[in-house]
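Engineer: Input: one structure, supplied below.
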Amino acid sequence: MPCAVILTALPVEYLAVRTHLVELEERINPQGTIYEQGKFIGNEYEWEVGIAEVGAGNAGVAAETAQAIAYFQPKILLFVGIAGGIKDVAIGDVVVATDVYGYESGKVGEQFLTRPKVGKSAYALVQRAKSEARKEEWLQRLSSSPIRQPLVFVAPIAAGEKVVSSRQSDIFQFLRASYNDAIAVEMEGFGFLNAAFAYPDIKAILIRGISNLIEGKNDDSVESEEVRQEKASHHASAFAFEMLSKLKISQDLRESHKETQISVFLDHQPPDTSGFKGRQEEIEQLQKCLEEKRICLVGILGAGGYGKSTLAAYCYKEASIFEDNPWITFNKPCSFKIFSLDLLKKLGQEVNENTDSSSLVHLLIENLSNHHFLLVLDNLEYLLNDERQFIDQGYKEFLLQWLEKKNYSTLLFTSREEPIILEKPHYRYHWLSLGGLSDDAGIELLRNHNITGQPLDLKTFVQVSDGHPLLLKLAASWLNPLPNDTADIEHILNQTDLNQFKQLVGIHRVNHEVNIYELLTASLERLPPGLKQLWLNLSVYKYRSIDLESAQAVAPETIVQEGNLRELAKRSLLEELNSGGQRKYRFLKLLKDFAQRQVDIPIEVKQKVIEYCRSKAIPSGWNEQELSYAAYDRQIIKPPYWKNQGDVVEYLEIFYHYCELEEYGQAFHFLWSTGCDIFLELQGYNSIRVELYTKLKEPWEAYLSKLKLYLKSLSAEQQSTFNSLQKLFAKMLDFLGTAYRCLGQYQSAINSHQEALELFRDIGYCGIENAFSYRNLGQVYLAQGRNQKAVYSLEEARQEAVNSFEKARQIFNSIDDDLGELLSLQDLIDIDRALGEHQRSIERYRRMIAISQQRGNRLLEATTLNNLGITYNSIGQYQDAVDAHQRALQIFQALGDIPEQAESWRRLGDAYEALGRHKEAIDAHQQALLLNDNRLEQAHVLCRLGWDLQSSGQSKEAIEKYDQALATFQELSNLAGKAIALNGLGAANSNLSNYSQAEGYYQEALKIYHELNNPKGKAVVLNNLGVIYEQQDQYRQAFNSYKQSIKISQELSDRDLVNDSRTLGNLGRVANKLGQNYYNLRQYQQAARFYQQALNAFEGINDNFRNQTTDQGKAQALLGLGNIYYFLGQYSNAVDLQHDTLRISRQLGDHSGEAEALLGLGNTYYSLGNYNQPNDNNALQFYHEALTIFQELGNELGVARVKLGLGKTYHSVGQCERAIDYLKLGGA
């Protein structure tokens, strides 16, 4: 469970904190400090909480804070207690410190000159405090309700060694003059945060309850000091534990025991295995597993430095039975999306970056299972949290499916930890737990490193190291420090060596990392000074591997030779990489951590790294205009020369070193102005972006806070420069928000964008960056609304998004930024489409076309016209769609834009087909096919041609087109396209009455759409399945299939209106048939249920898609319901329905339907006893009208039915002769 530490200064504070804990136990650290440790149950986790009373004063608290950190190693560090209020606060209020000013820091001359030192609370905890301050939930943690509800402030605090008790005191006046934004004063906070600053992985914050105000500090007239202190302590404690209960341990906290430096996620180079010796038993075991067909997963488990990666690399290189051996090394937590896209690309499979996780799992399994590959995943522990669960569920899904599916590939991974989902034994995977080397293997390793001696001495030496390979290599370097540039010089192990080695590592036998550090310290003392300094300087590189040129860059005063690097590799201080003939090196993580702790790299070395990396950076390949679109306007344009994160490694290196030099604005400006940021977003490397910007944010924010203290003394020019820096900082916050959004961390994204907007407001800026912040905020709301666990409902989120997009549009409009306004209009159109507000979309498209024409941007105008045409087509305005696509086509032809001409022809063909103009549709789609050289697009056009052909009665020719398309989709592993082709084959075979084949194709397409989680595709196929069931008179199956289709569609916000209208029409038609069947069987209740569903279906069809068939179906349903109500004796209901039927039939000119409605009305009025009353609504009138129409239609059965009705009616009114005549004619 996670650990937190809460420190207090006074007993009253300690007791207030203690009341929130259970299962308290005493703890004593090695120095004798006594703590208590208890448990606290939060909303997210059960916390172990250590508490201590550390006394007053900054200096003493700093020392105690360091001791508590060393003992508990917490993730969260809180200081909770009381403070005096300076302004704006009342007794009992809570103040959470954003900054703590050490106000006694300065220089004393003729007057005291402040040199402000600022301690900053952790950003994440400040944000949590702000969130909780807006709520009142923390008050529930108080044991009693306060008379006055306390407020929570998140603001700066001042800290010093003196008690401030009067507003007239010199110190108080000094605080108001120099630190006028501080609202409270206390004595420990600066020392606490200053000590915590040395531990960047621990999040710290200060929480104070106000126990007194500066004026009247000792005034007991209202409440005694004891009561006030107790109240303030309990309020501060309650708020502290409310914060703790809501904390979610962030990824960087969960991974705090792992590498904290920024680094590139994936590497495809296995370590060098030249000189690899020993491990013969393990090698044989692994090779046997790799050859075993039933085993598809092999894991090597072991602690750091035991040689897991090298052993895997040896087996990898010796594995000749596999087609290909992809190798991926993780050196940071990595999202499944990044991993899978990278691996699929390596396997030659291009995949859309927006593909969802489930689809990526399917694509990976399909690619790997159809080949005989050995896939190696090195350092799998980076993908696990402290509970050994995958940080991204995509990996879990991938592994579980990997074990279930029969495949021909094998997965080999190395890890320090075993994933919890693989704990249980399984016949398809095998574990190898890697321990130390055997005595013989360890001795051989020492001899390979030129260490000889008596066998017993060598054996003892190996046993002291527990056979740890890295420890033995470093020990060899320590024992034999002489340079080996000409010949190997042996060192004979002696008793003195053994004794010294035991002294170095013997007391840390269980902690090999400590052993390694001890040995490194000793080894460095024996290195030549120049080589030692070179090794330390090389540790400055955070991303790139090391070669001769990069080594020379960090050692400008000396000449670096290849032999120097090889010497460091021989001493195991660097690891040599196998890099296609070019010598490259890298640090092992443990060694780099050690090197970076030994020395502060000089500023000039970091500057040299920046200079060197600028000279080696791969250009993006964008021209100036493309770079402007990509970097400044955030348009997605793929750079020609950047393909993966390795291509921008120099840019990340430069960013890092600008941060190290505290040139924060330059660091951020470099990353986004070069287009590197938008490339990382485009490639899905948003975890990298979050890591970069969160590490940049805190120090940059602190730097701006310091500058703000002197703002009044700055010149106008300096203030302008300061505002520019703040604007750049706000832009960085905005970019951080976009990265959070892409990772699905929506609340963090909203917070970042809102911070950016607030800062823009503070500096009075209303320009393009401000507009983009609103736009990005809108995109977060939209994304959050789609999330099932979102704070906002979908409707609320969309409204928030609309508000943000509209604000962005207004700003873009006010600064005459047409491109920005166009982007905002497109955002609004996307929401309109999701809401089914197509007419509003059309208005916005017209506005976009007008802007394009004003700008003279014909390309944008034509693209928008095509989008307008697509919208018209989706709502059934087919001729308008034709007109829009024709206009777009003319512009693209004038511009000579062949790909867009192909797209326009394709869309034009779709519109022609919808109008039933099959010949023109075929011609248009053939033009699209001729102009398109993209195989995937060609396959899609072939499907369109297939539809045109089958619709015009050429189903055999259509099948040929679908088969061609299907072959291409299968070759390209495009599942969505494959489903489209299968659906087309089903429709064409259905037209040819090949129902069994059609159903097979439909079922296969349905399965793919289910795998892809594509509800629109499922709805289309279910409708088509209903058609073939209906064609075979299987009406119940058809009805159920149509119902399923409609149910799926109704759950979508952006419904496919075309398919909806078809399905509703089909559903209504089949429901009418089923209603008629039950009516004939005189099962009237069942019949009524189906007729009502038919009526609902026909009435649910969108107005743009209603036609004569729709109204005829509705009339039939109404007539059926009317007749049923007549037979059930519900005559008033029957009359209403029959009148509706009559009205619709007359509007349609449907004489047969009109006659049936008149006959039904005659029957109903007869039953009501309304035989011949002097009005239009009597039985005789309706019968005679029905008789005339049936006679004109030559419908003898209808004539007979009417005459029977007339006979009954005349008989009822006493005209018996006429009654007899009609009854005879009616067949009675």
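Quick note on naming: the chains in the structure tokens go A, B, ... in the order shown, residues restart at 1 in each chain, and ligands are numbered from 1 in order of appearance.
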Which residues are near segment 340-343 of chain A? Cut-off 10 Å, only C-alpha atoms, ignore same chain within fewer than 4 positions. Put them as a VMD selection string.

Structural biologist: chain A and resid 266 268 326 to 328 335 to 336 347 to 353 355 357 360 to 361 363 to 364 375 394 to 395 398 643 to 645 683 to 684

Engineer: Atom CA of Lys1018 of chain A to atom CA of Asn991 of chain A: how many Å, to one decimal?

Structural biologist: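 Rounded to one decimal, the two atoms are 20.3 Å apart.
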
Engineer: Based on DSSP run over this structure's backbone, return all residues of segment 171-375 of chain A in helix (DSSP H, G or I), as number ranges by chain.

Structural biologist: A: 171-178, 189-196, 225-246, 251-254, 280-291, 308-318, 336-346, 357-369

Engineer: Using only C-alpha atoms, which residues sit within 8 Å of segment 269-286 of chain A once same-chain residues fewer than 6 positions away are excluded, as a list in words?

Structural biologist: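 The neighbour list is Val298, Ser309, Thr310, Leu311, Ala313, Tyr314, Cys315, Trp327, Ile328, Thr329, Leu432, Leu437, Ala441, Gly442, Glu444, Leu445, Asn448, Glu575, Glu576, Leu577, Asn578 and Ser579 of chain A.
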
Engineer: Between A:Ile82, A:Leu573, A:Ile763, A:Ile205, which is the closest to Ser121 of chain A once you count only C-alpha atoms?

Structural biologist: A:Ile205

Engineer: Which residues are near Arg833 of chain A? Cut-off 12 Å, only C-alpha atoms, ignore same chain within fewer than 5 positions. Put them as a PyMOL selection string.

Structural biologist: chain A and resi 798+826-828+838-842+844-845+867-868+870-872+874-875+1052-1057
